[in-house]
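J.: The structure's right below; bear with me while I get my questions together.
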Amino acid sequence: MKTIALTLHIWRQAKPSTPGQLEKHHLDNISTDMSFLEMLDVLNEKLTREDREPVAFDHDCREGICGMCGAVVNGIAHGPEQETTLCQLHMRHFSDGDTLYIEPFRSRAFPLIKDLIVDRTALDRIIQAGGYVSTNTGGAPDGNAIPVSSIISEQAMDAAACIGCGACVASCPNSAAMLFTGAKISQLSLLPQGHPERKERALGMVQAMDREGFGNCTNERECEAVCPKGISIANIARMNREFLKAALL
Ligand code: SF4
Ligand code: FES
């Protein structure tokens with residue numbers, strides 16, 4: 001088993017109202033088979049044995065599907081591997097003696113809770129503003145009864161791959177949530193089932209995005225570069241078209 005030694009500088013902040021700072025730690029014998037979160041587990045076991053406060057970080061599935069994990073590693077949201085969540089990033093991508101700076105996703109719309117944990121419920125409130133299909137009466141219609149071309153269904157499925165992690169926001173110089181919102185609007189607007197509410201959806205979700213304090217897209221494409229699910233900025237263009245059509249017609 002190959003092992004490496006690391007120097008970590010991790011953001012520690014006990015609560016939102018107290019100042020935070022980077023805290024330095026050395027770790028030896030980190031197996032290159034470990035995931036990044038398992039490496040943080042090792043650090044936390046060490047801190048617990050030393051009767052010190054473990055580092056708080058979000059996680060759940062550890063399979064790259066839930067969207068809970070996320071931190072900025074050496075300036076890159078979710079770390080250096082493309083299309084990879086932090087939980088799926090493995091230590092074999094780092095070298096013996098590396099120094100890692102680990103910080104929370106930073107955005108005014110993501111207030112810090114503790115250490116590496118930020119409050120991303122602003123994204124949930126964007127979904128609540130229209131990111132669904134209402135079925136007010138009767139059962140849901142049989143999806144197979146409505147023909148959808150394979151190209152359109154593939155585009156909808158690609159948009160639906162967004163796990164709501166917020167890395168796009170953290171990497172955008174404007175803290176824009178437009179890749180996330182564009183994906184959530186696209187996955188429904190592309191399909192016939194999403195058409196009846198598309199106008200209210202586009203208006204509601206874009207307004208919610210502004211209300212939450214996210215910025216606007218200036219085509220930096222940093223969001224697309226860090227997205228662990230490869231969401232394309234074509235979804236931002238589609239969102240803008242949906243919004244303009246809804247606002248003008
Ligand atoms: S668009 Fe990508 S980076 Fe943004 S929330 Fe969705 S999966 Fe995460
Ligand atoms: S813990 Fe679920 S995506 Fe990383």
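Letters A, B, ... go to the chains of the structure tokens in the order shown; residues in each chain start at 1; ligands are counted from 1 in the same order.
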List all protein, DNA and RNA residues that have an atom no more than 12 Å from any atom of ligand 2, counting only C-alpha atoms and all ligand atoms, and report them as a VMD selection string.
T.: chain A and resid 35 to 38 57 to 71 78 83 to 89 161 to 167 227 to 229
J.: Please produce a file of the residues just selected, as a short mmCIF file (atom, residue, chain, number, x, y, z; two decimals), in the first residue's frame, where the atoms kept are N, CA, C and O atoms.
T.:
data_model
loop_
_atom_site.label_atom_id
_atom_site.label_comp_id
_atom_site.auth_asym_id
_atom_site.auth_seq_id
_atom_site.Cartn_x
_atom_site.Cartn_y
_atom_site.Cartn_z
N SER A 35 -10.20 8.10 0.00
CA SER A 35 -10.83 9.27 -0.60
C SER A 35 -10.41 10.50 0.20
O SER A 35 -9.89 10.38 1.32
N PHE A 36 -10.69 11.66 -0.35
CA PHE A 36 -10.35 12.91 0.34
C PHE A 36 -11.07 12.98 1.70
O PHE A 36 -10.50 13.40 2.70
N LEU A 37 -12.34 12.56 1.71
CA LEU A 37 -13.10 12.62 2.97
C LEU A 37 -12.55 11.62 3.98
O LEU A 37 -12.57 11.88 5.20
N GLU A 38 -12.07 10.46 3.51
CA GLU A 38 -11.45 9.50 4.44
C GLU A 38 -10.17 10.08 5.03
O GLU A 38 -9.85 9.84 6.20
N PHE A 57 -17.30 19.05 8.50
CA PHE A 57 -17.48 19.10 7.04
C PHE A 57 -18.72 18.31 6.66
O PHE A 57 -19.10 17.37 7.33
N ASP A 58 -19.36 18.73 5.57
CA ASP A 58 -20.59 18.09 5.10
C ASP A 58 -20.28 16.85 4.28
O ASP A 58 -19.34 16.84 3.49
N HIS A 59 -21.11 15.84 4.41
CA HIS A 59 -21.00 14.64 3.56
C HIS A 59 -22.23 13.78 3.82
O HIS A 59 -22.91 13.93 4.81
N ASP A 60 -22.53 12.90 2.88
CA ASP A 60 -23.62 11.95 3.09
C ASP A 60 -23.34 10.68 2.31
O ASP A 60 -22.83 9.71 2.85
N CYS A 61 -23.63 10.68 0.98
CA CYS A 61 -23.55 9.41 0.23
C CYS A 61 -22.11 8.92 0.05
O CYS A 61 -21.87 7.73 0.01
N ARG A 62 -21.17 9.82 -0.08
CA ARG A 62 -19.77 9.51 -0.41
C ARG A 62 -19.67 8.72 -1.72
O ARG A 62 -18.74 7.94 -1.92
N GLU A 63 -20.65 8.88 -2.58
CA GLU A 63 -20.66 8.19 -3.89
C GLU A 63 -20.80 9.18 -5.04
O GLU A 63 -21.06 8.77 -6.17
N GLY A 64 -20.75 10.48 -4.74
CA GLY A 64 -20.85 11.47 -5.82
C GLY A 64 -22.25 11.73 -6.31
O GLY A 64 -22.43 12.24 -7.43
N ILE A 65 -23.28 11.38 -5.52
CA ILE A 65 -24.65 11.55 -6.03
C ILE A 65 -25.54 12.46 -5.19
O ILE A 65 -26.58 12.88 -5.67
N CYS A 66 -25.16 12.76 -3.95
CA CYS A 66 -26.11 13.49 -3.09
C CYS A 66 -25.89 15.01 -3.11
O CYS A 66 -26.81 15.76 -2.81
N GLY A 67 -24.69 15.45 -3.40
CA GLY A 67 -24.40 16.89 -3.46
C GLY A 67 -24.05 17.51 -2.11
O GLY A 67 -23.95 18.73 -2.01
N MET A 68 -23.88 16.70 -1.08
CA MET A 68 -23.61 17.26 0.25
C MET A 68 -22.16 17.70 0.45
O MET A 68 -21.89 18.66 1.15
N CYS A 69 -21.21 16.96 -0.11
CA CYS A 69 -19.81 17.28 0.17
C CYS A 69 -19.36 18.49 -0.66
O CYS A 69 -20.02 18.88 -1.61
N GLY A 70 -18.24 19.03 -0.28
CA GLY A 70 -17.68 20.13 -1.08
C GLY A 70 -16.80 21.02 -0.25
O GLY A 70 -17.16 21.39 0.88
N ALA A 71 -15.64 21.30 -0.76
CA ALA A 71 -14.72 22.27 -0.16
C ALA A 71 -13.82 22.74 -1.29
O ALA A 71 -13.75 22.11 -2.35
N HIS A 78 -14.06 21.40 -5.12
CA HIS A 78 -14.03 19.93 -5.25
C HIS A 78 -12.63 19.41 -5.61
O HIS A 78 -12.48 18.22 -5.93
N GLU A 83 -14.69 16.83 -13.14
CA GLU A 83 -15.95 16.07 -13.02
C GLU A 83 -15.89 15.07 -11.87
O GLU A 83 -16.25 13.89 -12.02
N THR A 84 -15.40 15.55 -10.72
CA THR A 84 -15.23 14.68 -9.55
C THR A 84 -15.66 15.43 -8.30
O THR A 84 -15.18 16.53 -8.05
N THR A 85 -16.56 14.83 -7.53
CA THR A 85 -16.92 15.43 -6.25
C THR A 85 -15.79 15.20 -5.24
O THR A 85 -14.95 14.31 -5.42
N LEU A 86 -15.80 15.96 -4.16
CA LEU A 86 -14.75 15.82 -3.15
C LEU A 86 -14.72 14.40 -2.58
O LEU A 86 -13.65 13.85 -2.32
N CYS A 87 -15.90 13.80 -2.43
CA CYS A 87 -15.96 12.44 -1.86
C CYS A 87 -15.41 11.40 -2.82
O CYS A 87 -15.02 10.31 -2.39
N GLN A 88 -15.38 11.71 -4.10
CA GLN A 88 -14.87 10.76 -5.09
C GLN A 88 -13.43 11.08 -5.51
O GLN A 88 -12.86 10.40 -6.36
N LEU A 89 -12.88 12.12 -4.91
CA LEU A 89 -11.48 12.48 -5.18
C LEU A 89 -10.59 11.58 -4.33
O LEU A 89 -10.81 11.45 -3.12
N ALA A 161 -28.57 15.76 -14.21
CA ALA A 161 -27.44 15.18 -13.46
C ALA A 161 -26.94 16.11 -12.36
O ALA A 161 -26.18 15.69 -11.49
N CYS A 162 -27.36 17.38 -12.40
CA CYS A 162 -26.92 18.34 -11.36
C CYS A 162 -27.31 17.84 -9.99
O CYS A 162 -28.46 17.48 -9.74
N ILE A 163 -26.34 17.80 -9.06
CA ILE A 163 -26.60 17.28 -7.71
C ILE A 163 -26.77 18.41 -6.70
O ILE A 163 -26.86 18.14 -5.49
N GLY A 164 -26.76 19.66 -7.15
CA GLY A 164 -27.02 20.77 -6.24
C GLY A 164 -25.93 21.01 -5.21
O GLY A 164 -26.21 21.46 -4.10
N CYS A 165 -24.68 20.76 -5.60
CA CYS A 165 -23.59 20.87 -4.63
C CYS A 165 -23.19 22.33 -4.36
O CYS A 165 -22.65 22.64 -3.29
N GLY A 166 -23.36 23.20 -5.34
CA GLY A 166 -23.01 24.61 -5.16
C GLY A 166 -21.58 24.95 -5.54
O GLY A 166 -21.14 26.10 -5.35
N ALA A 167 -20.84 24.00 -6.10
CA ALA A 167 -19.46 24.31 -6.51
C ALA A 167 -19.43 25.40 -7.58
O ALA A 167 -18.49 26.21 -7.63
N CYS A 227 -17.71 21.95 -12.30
CA CYS A 227 -18.93 21.16 -12.04
C CYS A 227 -18.60 19.67 -12.04
O CYS A 227 -18.10 19.13 -13.03
N PRO A 228 -18.91 18.97 -10.95
CA PRO A 228 -18.58 17.54 -10.91
C PRO A 228 -19.46 16.69 -11.82
O PRO A 228 -19.18 15.51 -12.03
N LYS A 229 -20.52 17.27 -12.36
CA LYS A 229 -21.42 16.50 -13.22
C LYS A 229 -21.36 16.96 -14.67
O LYS A 229 -22.21 16.58 -15.49
#
J.: Could you pull out the alpha helix (DSSP H) residues of segment 155-209 of chain A from DSSP and send them as a VMD selection string?
T.: chain A and resid 155 to 160 167 to 171 178 to 189 198 to 209
J.: Go through A:Ser134, A:Asp124, A:Ser232, A:Met178 and flag the residue nearest Ala159 of chain A, using only C-alpha atoms for the distances.
T.: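 Ranking A:Ser134, A:Asp124, A:Ser232, A:Met178 by distance to Ala159 of chain A, first place goes to A:Ser232.
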J.: So, with only C-alpha atoms and all ligand atoms as the atoms that count, which of A:Ile233, A:Leu244, A:Leu179, A:Ile185 lies closest to ligand 1?
T.: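 Residue with the minimum atom-to-atom distance to ligand 1: A:Leu179.
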J.: Find the residues near Met34 of chain A: any atom within 12 Å, counting only C-alpha atoms, skip ones fewer than 6 places away on the same chain, and give them as JSON, numbers by chain.
T.: {"A": [1, 2, 3, 4, 40, 41, 42, 62, 86, 87, 88, 89, 90, 91, 92, 93, 94]}
J.: Output N, CA, C and O atoms for every residue in the selection just made, as a compact mmCIF listing (two decimals), in the first residue's frame.
T.:
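Listed below is the output, again.txt:
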# COMPACT_ATOMS: atom_id res chain seq x y z
N MET A 1 0.85 -1.20 0.00
CA MET A 1 0.00 0.00 0.00
C MET A 1 0.89 1.25 0.00
O MET A 1 1.76 1.40 0.85
N LYS A 2 0.66 2.14 -0.98
CA LYS A 2 1.46 3.37 -1.04
C LYS A 2 0.87 4.40 -0.07
O LYS A 2 -0.35 4.56 0.00
N THR A 3 1.74 5.08 0.66
CA THR A 3 1.26 6.13 1.56
C THR A 3 2.00 7.44 1.27
O THR A 3 3.11 7.44 0.72
N ILE A 4 1.36 8.54 1.64
CA ILE A 4 1.97 9.86 1.46
C ILE A 4 1.82 10.67 2.75
O ILE A 4 0.96 10.37 3.59
N LEU A 40 -9.80 13.24 5.65
CA LEU A 40 -10.29 14.15 6.69
C LEU A 40 -10.76 13.36 7.92
O LEU A 40 -10.62 13.83 9.06
N ASP A 41 -11.33 12.15 7.69
CA ASP A 41 -11.70 11.29 8.82
C ASP A 41 -10.48 10.96 9.67
O ASP A 41 -10.54 10.95 10.90
N VAL A 42 -9.36 10.67 9.00
CA VAL A 42 -8.12 10.33 9.72
C VAL A 42 -7.68 11.53 10.57
O VAL A 42 -7.31 11.39 11.74
N ARG A 62 -21.17 9.82 -0.08
CA ARG A 62 -19.77 9.51 -0.41
C ARG A 62 -19.67 8.72 -1.72
O ARG A 62 -18.74 7.94 -1.92
N LEU A 86 -15.80 15.96 -4.16
CA LEU A 86 -14.75 15.82 -3.15
C LEU A 86 -14.72 14.40 -2.58
O LEU A 86 -13.65 13.85 -2.32
N CYS A 87 -15.90 13.80 -2.43
CA CYS A 87 -15.96 12.44 -1.86
C CYS A 87 -15.41 11.40 -2.82
O CYS A 87 -15.02 10.31 -2.39
N GLN A 88 -15.38 11.71 -4.10
CA GLN A 88 -14.87 10.76 -5.09
C GLN A 88 -13.43 11.08 -5.51
O GLN A 88 -12.86 10.40 -6.36
N LEU A 89 -12.88 12.12 -4.91
CA LEU A 89 -11.48 12.48 -5.18
C LEU A 89 -10.59 11.58 -4.33
O LEU A 89 -10.81 11.45 -3.12
N HIS A 90 -9.63 10.91 -4.95
CA HIS A 90 -8.79 9.98 -4.20
C HIS A 90 -7.38 10.53 -3.99
O HIS A 90 -6.90 11.36 -4.76
N MET A 91 -6.76 10.07 -2.92
CA MET A 91 -5.48 10.64 -2.51
C MET A 91 -4.34 10.25 -3.46
O MET A 91 -3.25 10.79 -3.38
N ARG A 92 -4.60 9.32 -4.39
CA ARG A 92 -3.58 8.97 -5.38
C ARG A 92 -3.30 10.13 -6.33
O ARG A 92 -2.32 10.13 -7.06
N HIS A 93 -4.20 11.12 -6.33
CA HIS A 93 -3.99 12.29 -7.19
C HIS A 93 -3.09 13.34 -6.53
O HIS A 93 -2.87 14.40 -7.09
N PHE A 94 -2.61 13.05 -5.32
CA PHE A 94 -1.70 13.96 -4.63
C PHE A 94 -0.35 13.27 -4.45
O PHE A 94 -0.24 12.05 -4.57
J.: Closest to Phe180 of chain A among A:Leu43, A:Ile126, A:Ala202, A:Ala14, using only C-alpha atoms?
T.: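 The shortest atom-to-atom distance to Phe180 of chain A comes from A:Ile126.
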J.: Set the distance at 12 Å and use only C-alpha atoms: which residues neighbour Gly131 of chain A once local chain neighbours fewer than 5 positions away are removed? I'd like the list as a ChimeraX atom specification.
T.: /A:123-126,160,180-189,194,197-206,208-209
J.: Pull N, CA and C atoms from the residues just selected and write them as a compact mmCIF listing (two decimals), in the first residue's frame.
T.:
# COMPACT_ATOMS: atom_id res chain seq x y z
N LEU A 123 -30.19 27.36 -2.40
CA LEU A 123 -30.47 26.57 -3.61
C LEU A 123 -31.82 25.86 -3.49
N ASP A 124 -32.14 25.40 -2.28
CA ASP A 124 -33.45 24.74 -2.07
C ASP A 124 -34.58 25.73 -2.32
N ARG A 125 -34.37 26.97 -1.90
CA ARG A 125 -35.44 27.98 -2.07
C ARG A 125 -35.63 28.33 -3.55
N ILE A 126 -34.56 28.24 -4.35
CA ILE A 126 -34.72 28.43 -5.81
C ILE A 126 -35.60 27.31 -6.37
N ALA A 160 -30.40 17.05 -15.71
CA ALA A 160 -30.89 16.47 -14.46
C ALA A 160 -29.76 15.85 -13.63
N PHE A 180 -26.50 26.12 -11.87
CA PHE A 180 -27.46 25.31 -11.10
C PHE A 180 -28.89 25.58 -11.56
N THR A 181 -29.29 26.86 -11.57
CA THR A 181 -30.68 27.21 -11.91
C THR A 181 -30.97 26.87 -13.37
N GLY A 182 -29.98 27.11 -14.24
CA GLY A 182 -30.16 26.77 -15.65
C GLY A 182 -30.40 25.27 -15.84
N ALA A 183 -29.65 24.46 -15.09
CA ALA A 183 -29.83 23.00 -15.19
C ALA A 183 -31.21 22.59 -14.69
N LYS A 184 -31.64 23.20 -13.58
CA LYS A 184 -32.93 22.80 -12.99
C LYS A 184 -34.10 23.27 -13.86
N ILE A 185 -33.96 24.43 -14.51
CA ILE A 185 -35.02 24.88 -15.43
C ILE A 185 -35.00 24.02 -16.70
N SER A 186 -33.80 23.72 -17.20
CA SER A 186 -33.69 22.96 -18.45
C SER A 186 -34.26 21.56 -18.34
N GLN A 187 -33.99 20.89 -17.23
CA GLN A 187 -34.40 19.48 -17.13
C GLN A 187 -35.93 19.34 -17.26
N LEU A 188 -36.65 20.44 -16.91
CA LEU A 188 -38.11 20.40 -17.02
C LEU A 188 -38.60 21.06 -18.30
N SER A 189 -37.96 22.16 -18.72
CA SER A 189 -38.48 22.89 -19.90
C SER A 189 -38.26 22.09 -21.19
N GLY A 194 -42.98 19.33 -18.62
CA GLY A 194 -42.60 20.57 -17.95
C GLY A 194 -43.14 21.82 -18.62
N GLU A 197 -46.02 24.71 -17.04
CA GLU A 197 -45.63 25.69 -16.02
C GLU A 197 -44.32 26.41 -16.35
N ARG A 198 -43.89 26.32 -17.62
CA ARG A 198 -42.53 26.82 -17.91
C ARG A 198 -42.39 28.32 -17.68
N LYS A 199 -43.47 29.09 -17.96
CA LYS A 199 -43.39 30.55 -17.80
C LYS A 199 -43.22 30.91 -16.32
N GLU A 200 -44.12 30.39 -15.48
CA GLU A 200 -44.04 30.69 -14.04
C GLU A 200 -42.72 30.17 -13.46
N ARG A 201 -42.29 29.02 -13.97
CA ARG A 201 -41.04 28.43 -13.46
C ARG A 201 -39.85 29.35 -13.73
N ALA A 202 -39.72 29.77 -14.98
CA ALA A 202 -38.57 30.60 -15.35
C ALA A 202 -38.58 31.92 -14.57
N LEU A 203 -39.74 32.55 -14.50
CA LEU A 203 -39.82 33.83 -13.78
C LEU A 203 -39.54 33.63 -12.29
N GLY A 204 -40.19 32.63 -11.71
CA GLY A 204 -40.07 32.39 -10.27
C GLY A 204 -38.66 32.03 -9.85
N MET A 205 -38.02 31.14 -10.60
CA MET A 205 -36.69 30.66 -10.19
C MET A 205 -35.62 31.73 -10.40
N VAL A 206 -35.74 32.49 -11.48
CA VAL A 206 -34.75 33.56 -11.71
C VAL A 206 -34.92 34.65 -10.65
N ALA A 208 -36.09 34.22 -7.64
CA ALA A 208 -35.59 33.66 -6.36
C ALA A 208 -34.07 33.71 -6.30
N MET A 209 -33.45 33.44 -7.43
CA MET A 209 -31.98 33.48 -7.51
C MET A 209 -31.47 34.88 -7.16
J.: When you look at Tyr101 of chain A with a cut-off of 7 Å (counting only C-alpha atoms), what residues show up, excluding the ones that are within fewer than 5 positions of it in the same chain? I need them as a ChimeraX atom specification.
T.: /A:8-10,73-74
